[in-house]
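Source file: my_file_22.pdb; contents: PDB, N, CA and C atoms and all ligand atoms.
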ATOM      1  N   MET A   1      -8.825  24.315  27.893
ATOM      2  CA  MET A   1      -9.055  23.017  27.235
ATOM      3  C   MET A   1      -7.791  22.162  27.293
ATOM      4  N   LYS A   2      -7.933  21.012  27.864
ATOM      5  CA  LYS A   2      -6.794  20.103  27.943
ATOM      6  C   LYS A   2      -6.776  19.191  26.719
ATOM      7  N   LYS A   3      -5.611  19.081  26.150
ATOM      8  CA  LYS A   3      -5.495  18.231  24.964
ATOM      9  C   LYS A   3      -4.853  16.897  25.313
ATOM     10  N   ASP A   4      -5.463  15.835  24.851
ATOM     11  CA  ASP A   4      -4.863  14.515  25.045
ATOM     12  C   ASP A   4      -3.658  14.370  24.143
ATOM     13  N   HIS A   5      -2.694  13.662  24.642
ATOM     14  CA  HIS A   5      -1.517  13.432  23.816
ATOM     15  C   HIS A   5      -1.724  12.282  22.845
ATOM     16  N   SER A   6      -2.661  11.412  23.156
ATOM     17  CA  SER A   6      -2.909  10.291  22.258
ATOM     18  C   SER A   6      -4.384  10.245  21.893
ATOM     19  N   HIS A   7      -4.649   9.660  20.755
ATOM     20  CA  HIS A   7      -6.007   9.521  20.272
ATOM     21  C   HIS A   7      -6.270   8.053  19.995
ATOM     22  N   THR A   8      -7.498   7.671  20.207
ATOM     23  CA  THR A   8      -7.844   6.286  19.925
ATOM     24  C   THR A   8      -8.508   6.210  18.560
ATOM     25  N   PHE A   9      -8.010   5.314  17.745
ATOM     26  CA  PHE A   9      -8.569   5.114  16.412
ATOM     27  C   PHE A   9      -9.022   3.668  16.265
ATOM     28  N   THR A  10      -9.954   3.478  15.366
ATOM     29  CA  THR A  10     -10.335   2.118  14.999
ATOM     30  C   THR A  10     -10.120   1.985  13.497
ATOM     31  N   CYS A  11      -9.371   0.992  13.097
ATOM     32  CA  CYS A  11      -9.079   0.841  11.678
ATOM     33  C   CYS A  11     -10.209   0.099  10.972
ATOM     34  N   ILE A  12     -10.104  -0.003   9.650
ATOM     35  CA  ILE A  12     -11.169  -0.641   8.877
ATOM     36  C   ILE A  12     -11.342  -2.110   9.243
ATOM     37  N   ASN A  13     -10.325  -2.703   9.847
ATOM     38  CA  ASN A  13     -10.423  -4.104  10.243
ATOM     39  C   ASN A  13     -10.823  -4.264  11.708
ATOM     40  N   GLY A  14     -11.161  -3.149  12.343
ATOM     41  CA  GLY A  14     -11.682  -3.215  13.702
ATOM     42  C   GLY A  14     -10.634  -3.220  14.799
ATOM     43  N   HIS A  15      -9.377  -3.021  14.460
ATOM     44  CA  HIS A  15      -8.349  -2.931  15.490
ATOM     45  C   HIS A  15      -8.426  -1.561  16.151
ATOM     46  N   VAL A  16      -8.399  -1.555  17.467
ATOM     47  CA  VAL A  16      -8.370  -0.287  18.184
ATOM     48  C   VAL A  16      -6.927  -0.013  18.581
ATOM     49  N   PHE A  17      -6.477   1.187  18.263
ATOM     50  CA  PHE A  17      -5.086   1.513  18.577
ATOM     51  C   PHE A  17      -4.965   2.980  18.931
ATOM     52  N   GLN A  18      -3.886   3.320  19.597
ATOM     53  CA  GLN A  18      -3.676   4.698  20.018
ATOM     54  C   GLN A  18      -2.455   5.260  19.328
ATOM     55  N   LYS A  19      -2.598   6.490  18.891
ATOM     56  CA  LYS A  19      -1.483   7.174  18.235
ATOM     57  C   LYS A  19      -1.444   8.595  18.769
ATOM     58  N   SER A  20      -0.248   9.067  18.999
ATOM     59  CA  SER A  20      -0.132  10.441  19.469
ATOM     60  C   SER A  20      -0.024  11.412  18.303
ATOM     61  N   SER A  21       0.308  10.881  17.142
ATOM     62  CA  SER A  21       0.451  11.745  15.973
ATOM     63  C   SER A  21      -0.815  11.680  15.117
ATOM     64  N   ASP A  22      -0.794  12.380  14.025
ATOM     65  CA  ASP A  22      -1.929  12.350  13.113
ATOM     66  C   ASP A  22      -1.890  11.140  12.190
ATOM     67  N   CYS A  23      -0.796  10.392  12.256
ATOM     68  CA  CYS A  23      -0.687   9.212  11.420
ATOM     69  C   CYS A  23      -1.615   8.131  11.942
ATOM     70  N   ARG A  24      -2.583   7.764  11.137
ATOM     71  CA  ARG A  24      -3.591   6.820  11.612
ATOM     72  C   ARG A  24      -3.377   5.409  11.076
ATOM     73  N   SER A  25      -2.191   5.122  10.596
ATOM     74  CA  SER A  25      -1.993   3.769  10.100
ATOM     75  C   SER A  25      -2.018   2.798  11.275
ATOM     76  N   CYS A  26      -2.717   1.711  11.090
ATOM     77  CA  CYS A  26      -2.913   0.743  12.162
ATOM     78  C   CYS A  26      -1.680  -0.148  12.303
ATOM     79  N   PRO A  27      -1.072  -0.201  13.487
ATOM     80  CA  PRO A  27       0.141  -1.016  13.645
ATOM     81  C   PRO A  27      -0.135  -2.505  13.458
ATOM     82  N   GLN A  28      -1.323  -2.946  13.855
ATOM     83  CA  GLN A  28      -1.635  -4.374  13.695
ATOM     84  C   GLN A  28      -1.771  -4.756  12.224
ATOM     85  N   CYS A  29      -2.442  -3.884  11.463
ATOM     86  CA  CYS A  29      -2.591  -4.159  10.033
ATOM     87  C   CYS A  29      -1.233  -4.078   9.346
ATOM     88  N   ALA A  30      -0.415  -3.121   9.764
ATOM     89  CA  ALA A  30       0.908  -2.970   9.171
ATOM     90  C   ALA A  30       1.732  -4.224   9.420
ATOM     91  N   GLU A  31       1.609  -4.749  10.617
ATOM     92  CA  GLU A  31       2.344  -5.961  10.975
ATOM     93  C   GLU A  31       1.853  -7.141  10.150
ATOM     94  N   MET A  32       0.551  -7.243  10.004
ATOM     95  CA  MET A  32      -0.041  -8.340   9.243
ATOM     96  C   MET A  32       0.364  -8.271   7.777
ATOM     97  N   SER A  33       0.324  -7.065   7.218
ATOM     98  CA  SER A  33       0.631  -6.962   5.792
ATOM     99  C   SER A  33       2.113  -7.206   5.535
ATOM    100  N   LYS A  34       2.944  -6.882   6.508
ATOM    101  CA  LYS A  34       4.370  -7.174   6.371
ATOM    102  C   LYS A  34       4.590  -8.668   6.185
ATOM    103  N   LYS A  35       3.774  -9.448   6.916
ATOM    104  CA  LYS A  35       3.956 -10.896   6.888
ATOM    105  C   LYS A  35       3.327 -11.513   5.654
ATOM    106  N   THR A  36       2.252 -10.909   5.173
ATOM    107  CA  THR A  36       1.477 -11.590   4.145
ATOM    108  C   THR A  36       1.597 -10.958   2.766
ATOM    109  N   PHE A  37       1.966  -9.690   2.703
ATOM    110  CA  PHE A  37       1.897  -9.019   1.423
ATOM    111  C   PHE A  37       3.043  -9.439   0.514
ATOM    112  N   PHE A  38       2.752  -9.491  -0.780
ATOM    113  CA  PHE A  38       3.745  -9.982  -1.726
ATOM    114  C   PHE A  38       4.827  -8.959  -2.027
ATOM    115  N   LEU A  39       4.584  -7.700  -1.666
ATOM    116  CA  LEU A  39       5.600  -6.665  -1.866
ATOM    117  C   LEU A  39       5.854  -5.952  -0.536
ATOM    118  N   PRO A  40       6.540  -6.609   0.385
ATOM    119  CA  PRO A  40       6.699  -6.046   1.731
ATOM    120  C   PRO A  40       7.462  -4.735   1.777
ATOM    121  N   THR A  41       8.177  -4.408   0.703
ATOM    122  CA  THR A  41       8.931  -3.153   0.707
ATOM    123  C   THR A  41       8.040  -1.942   0.428
ATOM    124  N   LEU A  42       6.840  -2.201  -0.063
ATOM    125  CA  LEU A  42       5.938  -1.086  -0.371
ATOM    126  C   LEU A  42       5.436  -0.436   0.912
ATOM    127  N   SER A  43       5.166   0.847   0.841
ATOM    128  CA  SER A  43       4.606   1.542   1.995
ATOM    129  C   SER A  43       3.203   1.023   2.281
ATOM    130  N   ALA A  44       2.777   1.154   3.523
ATOM    131  CA  ALA A  44       1.461   0.642   3.919
ATOM    132  C   ALA A  44       0.315   1.224   3.080
ATOM    133  N   PRO A  45       0.306   2.540   2.819
ATOM    134  CA  PRO A  45      -0.786   3.081   1.986
ATOM    135  C   PRO A  45      -0.810   2.474   0.584
ATOM    136  N   ALA A  46       0.380   2.245   0.025
ATOM    137  CA  ALA A  46       0.460   1.662  -1.308
ATOM    138  C   ALA A  46      -0.031   0.213  -1.281
ATOM    139  N   GLN A  47       0.326  -0.511  -0.228
ATOM    140  CA  GLN A  47      -0.142  -1.892  -0.095
ATOM    141  C   GLN A  47      -1.653  -1.939   0.003
ATOM    142  N   ARG A  48      -2.210  -1.011   0.779
ATOM    143  CA  ARG A  48      -3.671  -0.966   0.918
ATOM    144  C   ARG A  48      -4.323  -0.663  -0.426
ATOM    145  N   ALA A  49      -3.721   0.244  -1.177
ATOM    146  CA  ALA A  49      -4.274   0.595  -2.480
ATOM    147  C   ALA A  49      -4.339  -0.638  -3.378
ATOM    148  N   LEU A  50      -3.276  -1.422  -3.363
ATOM    149  CA  LEU A  50      -3.238  -2.637  -4.175
ATOM    150  C   LEU A  50      -4.284  -3.638  -3.698
ATOM    151  N   GLN A  51      -4.380  -3.781  -2.387
ATOM    152  CA  GLN A  51      -5.339  -4.722  -1.840
ATOM    153  C   GLN A  51      -6.767  -4.317  -2.188
ATOM    154  N   GLN A  52      -7.006  -2.998  -2.155
ATOM    155  CA  GLN A  52      -8.348  -2.515  -2.491
ATOM    156  C   GLN A  52      -8.687  -2.772  -3.952
ATOM    157  N   LYS A  53      -7.662  -2.874  -4.779
ATOM    158  CA  LYS A  53      -7.887  -3.162  -6.194
ATOM    159  C   LYS A  53      -7.965  -4.667  -6.441
ATOM    160  N   GLY A  54      -7.852  -5.431  -5.366
ATOM    161  CA  GLY A  54      -7.943  -6.882  -5.500
ATOM    162  C   GLY A  54      -6.681  -7.514  -6.047
ATOM    163  N   ILE A  55      -5.555  -6.828  -5.869
ATOM    164  CA  ILE A  55      -4.292  -7.332  -6.381
ATOM    165  C   ILE A  55      -3.558  -8.081  -5.268
ATOM    166  N   HIS A  56      -3.368  -9.371  -5.487
ATOM    167  CA  HIS A  56      -2.761 -10.207  -4.460
ATOM    168  C   HIS A  56      -1.475 -10.858  -4.939
ATOM    169  N   GLU A  57      -1.156 -10.666  -6.164
ATOM    170  CA  GLU A  57       0.105 -11.212  -6.652
ATOM    171  C   GLU A  57       0.712 -10.294  -7.710
ATOM    172  N   LEU A  58       2.015 -10.454  -7.844
ATOM    173  CA  LEU A  58       2.793  -9.587  -8.716
ATOM    174  C   LEU A  58       2.259  -9.578 -10.156
ATOM    175  N   ARG A  59       1.905 -10.772 -10.624
ATOM    176  CA  ARG A  59       1.473 -10.918 -12.010
ATOM    177  C   ARG A  59       0.297  -9.992 -12.353
ATOM    178  N   GLN A  60      -0.598  -9.790 -11.374
ATOM    179  CA  GLN A  60      -1.773  -8.951 -11.621
ATOM    180  C   GLN A  60      -1.384  -7.506 -11.932
ATOM    181  N   LEU A  61      -0.247  -7.088 -11.391
ATOM    182  CA  LEU A  61       0.193  -5.710 -11.608
ATOM    183  C   LEU A  61       0.587  -5.462 -13.060
ATOM    184  N   SER A  62       0.945  -6.522 -13.763
ATOM    185  CA  SER A  62       1.362  -6.347 -15.154
ATOM    186  C   SER A  62       0.179  -5.985 -16.051
ATOM    187  N   GLU A  63      -1.026  -6.071 -15.489
ATOM    188  CA  GLU A  63      -2.215  -5.685 -16.264
ATOM    189  C   GLU A  63      -2.500  -4.189 -16.166
ATOM    190  N   TRP A  64      -1.670  -3.486 -15.403
ATOM    191  CA  TRP A  64      -1.871  -2.046 -15.218
ATOM    192  C   TRP A  64      -0.659  -1.272 -15.725
ATOM    193  N   SER A  65      -0.904  -0.043 -16.116
ATOM    194  CA  SER A  65       0.212   0.818 -16.491
ATOM    195  C   SER A  65       0.629   1.658 -15.284
ATOM    196  N   ALA A  66       1.847   2.163 -15.328
ATOM    197  CA  ALA A  66       2.342   3.011 -14.240
ATOM    198  C   ALA A  66       1.430   4.217 -14.040
ATOM    199  N   GLN A  67       0.945   4.764 -15.138
ATOM    200  CA  GLN A  67       0.067   5.939 -15.044
ATOM    201  C   GLN A  67      -1.228   5.617 -14.305
ATOM    202  N   GLU A  68      -1.770   4.443 -14.576
ATOM    203  CA  GLU A  68      -3.006   4.037 -13.895
ATOM    204  C   GLU A  68      -2.764   3.815 -12.410
ATOM    205  N   ILE A  69      -1.672   3.121 -12.106
ATOM    206  CA  ILE A  69      -1.377   2.797 -10.712
ATOM    207  C   ILE A  69      -1.104   4.063  -9.906
ATOM    208  N   LEU A  70      -0.461   5.039 -10.539
ATOM    209  CA  LEU A  70      -0.151   6.298  -9.848
ATOM    210  C   LEU A  70      -1.401   7.039  -9.396
ATOM    211  N   GLN A  71      -2.517   6.738 -10.037
ATOM    212  CA  GLN A  71      -3.758   7.430  -9.670
ATOM    213  C   GLN A  71      -4.424   6.812  -8.452
ATOM    214  N   TRP A  72      -3.959   5.647  -8.030
ATOM    215  CA  TRP A  72      -4.540   5.012  -6.859
ATOM    216  C   TRP A  72      -4.091   5.746  -5.616
ATOM    217  N   HIS A  73      -4.987   5.927  -4.690
ATOM    218  CA  HIS A  73      -4.680   6.652  -3.470
ATOM    219  C   HIS A  73      -3.610   5.912  -2.671
ATOM    220  N   GLY A  74      -2.551   6.614  -2.326
ATOM    221  CA  GLY A  74      -1.493   6.019  -1.514
ATOM    222  C   GLY A  74      -0.298   5.555  -2.315
ATOM    223  N   VAL A  75      -0.441   5.571  -3.634
ATOM    224  CA  VAL A  75       0.653   5.104  -4.488
ATOM    225  C   VAL A  75       1.405   6.302  -5.070
ATOM    226  N   GLY A  76       2.693   6.368  -4.819
ATOM    227  CA  GLY A  76       3.515   7.455  -5.351
ATOM    228  C   GLY A  76       4.600   6.916  -6.253
ATOM    229  N   PRO A  77       5.402   7.803  -6.794
ATOM    230  CA  PRO A  77       6.482   7.390  -7.696
ATOM    231  C   PRO A  77       7.442   6.376  -7.075
ATOM    232  N   SER A  78       7.698   6.473  -5.771
ATOM    233  CA  SER A  78       8.618   5.519  -5.139
ATOM    234  C   SER A  78       8.007   4.126  -5.121
ATOM    235  N   ALA A  79       6.695   4.060  -4.947
ATOM    236  CA  ALA A  79       6.016   2.761  -4.975
ATOM    237  C   ALA A  79       6.068   2.171  -6.377
ATOM    238  N   ILE A  80       5.887   3.031  -7.373
ATOM    239  CA  ILE A  80       5.954   2.577  -8.766
ATOM    240  C   ILE A  80       7.334   1.995  -9.061
ATOM    241  N   ALA A  81       8.372   2.663  -8.540
ATOM    242  CA  ALA A  81       9.736   2.181  -8.768
ATOM    243  C   ALA A  81       9.921   0.798  -8.150
ATOM    244  N   LYS A  82       9.373   0.589  -6.956
ATOM    245  CA  LYS A  82       9.498  -0.712  -6.286
ATOM    246  C   LYS A  82       8.709  -1.777  -7.033
ATOM    247  N   ILE A  83       7.522  -1.409  -7.486
ATOM    248  CA  ILE A  83       6.695  -2.337  -8.264
ATOM    249  C   ILE A  83       7.426  -2.719  -9.547
ATOM    250  N   HIS A  84       7.984  -1.716 -10.173
ATOM    251  CA  HIS A  84       8.699  -1.936 -11.427
ATOM    252  C   HIS A  84       9.878  -2.883 -11.219
ATOM    253  N   ASP A  85      10.644  -2.644 -10.152
ATOM    254  CA  ASP A  85      11.792  -3.496  -9.863
ATOM    255  C   ASP A  85      11.362  -4.937  -9.599
ATOM    256  N   ALA A  86      10.279  -5.067  -8.824
ATOM    257  CA  ALA A  86       9.806  -6.409  -8.468
ATOM    258  C   ALA A  86       9.319  -7.148  -9.707
ATOM    259  N   LEU A  87       8.619  -6.457 -10.578
ATOM    260  CA  LEU A  87       8.128  -7.072 -11.814
ATOM    261  C   LEU A  87       9.292  -7.483 -12.708
ATOM    262  N   THR A  88      10.256  -6.592 -12.829
ATOM    263  CA  THR A  88      11.410  -6.877 -13.673
ATOM    264  C   THR A  88      12.150  -8.124 -13.176
ATOM    265  N   ALA A  89      12.241  -8.248 -11.850
ATOM    266  CA  ALA A  89      12.920  -9.407 -11.266
ATOM    267  C   ALA A  89      12.216 -10.708 -11.616
ATOM    268  N   GLU A  90      10.914 -10.623 -11.883
ATOM    269  CA  GLU A  90      10.127 -11.811 -12.218
ATOM    270  C   GLU A  90       9.973 -11.971 -13.730
ATOM    271  N   GLY A  91      10.627 -11.101 -14.477
ATOM    272  CA  GLY A  91      10.500 -11.167 -15.917
ATOM    273  C   GLY A  91       9.201 -10.583 -16.429
ATOM    274  N   LEU A  92       8.549  -9.788 -15.598
ATOM    275  CA  LEU A  92       7.287  -9.148 -15.989
ATOM    276  C   LEU A  92       7.515  -7.652 -16.167
ATOM    277  N   SER A  93       6.484  -6.955 -16.641
ATOM    278  CA  SER A  93       6.578  -5.500 -16.733
ATOM    279  C   SER A  93       5.200  -4.903 -16.657
ATOM    280  N   LEU A  94       5.162  -3.629 -16.331
ATOM    281  CA  LEU A  94       3.894  -2.921 -16.299
ATOM    282  C   LEU A  94       3.379  -2.745 -17.724
ATOM    283  N   LYS A  95       2.081  -2.627 -17.844
ATOM    284  CA  LYS A  95       1.476  -2.395 -19.149
ATOM    285  C   LYS A  95       1.966  -1.043 -19.665
ATOM    286  N   THR A  96       2.232  -0.989 -20.955
ATOM    287  CA  THR A  96       2.600   0.299 -21.527
ATOM    288  C   THR A  96       1.350   0.947 -22.110
ATOM    289  N   THR A  97       1.169   2.205 -21.828
ATOM    290  CA  THR A  97      -0.011   2.894 -22.305
ATOM    291  C   THR A  97       0.091   3.164 -23.798
ATOM    292  N   LYS A  98      -1.034   3.108 -24.425
ATOM    293  CA  LYS A  98      -1.053   3.369 -25.866
ATOM    294  C   LYS A  98      -0.746   4.841 -26.136
ATOM    295  N   ALA A  99       0.053   5.058 -27.140
ATOM    296  CA  ALA A  99       0.429   6.427 -27.481
ATOM    297  C   ALA A  99      -0.743   7.141 -28.130
TER     298      ALA A  99
HETATM  299 ZN    ZN B 101      -5.956  -2.713  11.764
END
Output the structure of this file as structure tokens.
Amino acid sequence: MKKDHSHTFTCINGHVFQKSSDCRSCPQCAEMSKKTFFLPTLSAPAQRALQQKGIHELRQLSEWSAQEILQWHGVGPSAIAKIHDALTAEGLSLKTTKA
């Protein structure tokens, strides 16, 4: 059995791309989100998670707590730290969970 070194994937936005690794992130979408996303420092999976939640601006993130955001697929502690820093820079903060 001969194994191909690259695989063809189609992303949710219909871009066809080839990757030799198991990483299926679409380079075209990554490029687009770099240009348009309000938090370009966030990793692509974290950006997608935010977009899937309908979050398009920093202010919307202040309606969520860190604990809630951490449960979104693709969002890890490093993303939370970046979100937190960005909010703080704007004078905003994440929602604090009720004790
Ligand atoms: Zn794509």
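Distances here use only N, CA and C atoms and all ligand atoms; by that measure, the residue among A:Arg24, A:His7, A:Arg48, A:His15 closest to ligand ZN 101 (chain B) is A:His15.
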Every residue of chain A that DSSP places in alpha helix (DSSP H), as JSON, numbers by chain: {"A": [27, 28, 29, 30, 31, 32, 33, 34, 35, 36, 44, 45, 46, 47, 48, 49, 50, 51, 52, 58, 59, 60, 61, 66, 67, 68, 69, 70, 77, 78, 79, 80, 81, 82, 83, 84, 85, 86, 87, 88, 89]}
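Within the 7 Å cut-off around stretch 36-41 of chain A, using all atoms listed in the file and omitting residues fewer than 3 positions from it on the same chain, the listed residues are Glu31, Met32, Ser33, Ala44, His56, Glu57, Leu58 and Lys82 of chain A.
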Evaluate the PyMOL selection byres (((not hetatm) and name CA) within 8 of (chain B and resi 101)) and report residues as a count of residues only: 13
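Comparing the minimum interatomic distances between A:Leu50 and each of A:His73, A:Lys95, A:His84, A:Lys19, counting only C-alpha atoms, we find that A:His73 sits nearest.
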Any idea what the distance is between atom N of A:Thr8 and atom C of A:Ser43?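 It comes out at 21.9 Å.
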Quick check, in Å to one decimal: how far apart do atom N of A:Ala66 and atom N of A:Gln47 lie?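 If I compute the distance from atom N of A:Ala66 to atom N of A:Gln47, I get 15.4 Å.
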Name the residues of chain A that fall into strand (DSSP E or B) according to DSSP on the backbone, using the chain letters and numbers of this document, as a ChimeraX atom specification. /A:7-10,16-19,65,95
Spatial neighbours of A:Ser93, max dist 10 Å, only C-alpha atoms, sep filter under 6 positions, as a count of residues only: 13
Just the number, please: distance in Å from atom CA of A:Val75 to atom CA of A:Phe9, one decimal. 22.8 Å
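Residue nearest A:Ser78, chosen from A:Gln52, A:Leu42, A:Glu90, A:Gln60 and counting all atoms listed in the file: A:Leu42.
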What's around A:Trp72 at 9 Å? Count only C-alpha atoms, leave out sequence neighbours fewer than 5 positions away in its own chain, and write the answer as a list in words.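 Using only C-alpha atoms, the neighbours found are Ala46, Ala49, Leu50 and Lys53 of chain A.
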For A:Ser6, list every protein, DNA or RNA residue within 6.5 Å, evaluated using all atoms listed in the file, and leave out those in the same chain fewer than 5 positions away; present the list as a ChimeraX atom specification. /A:18-21
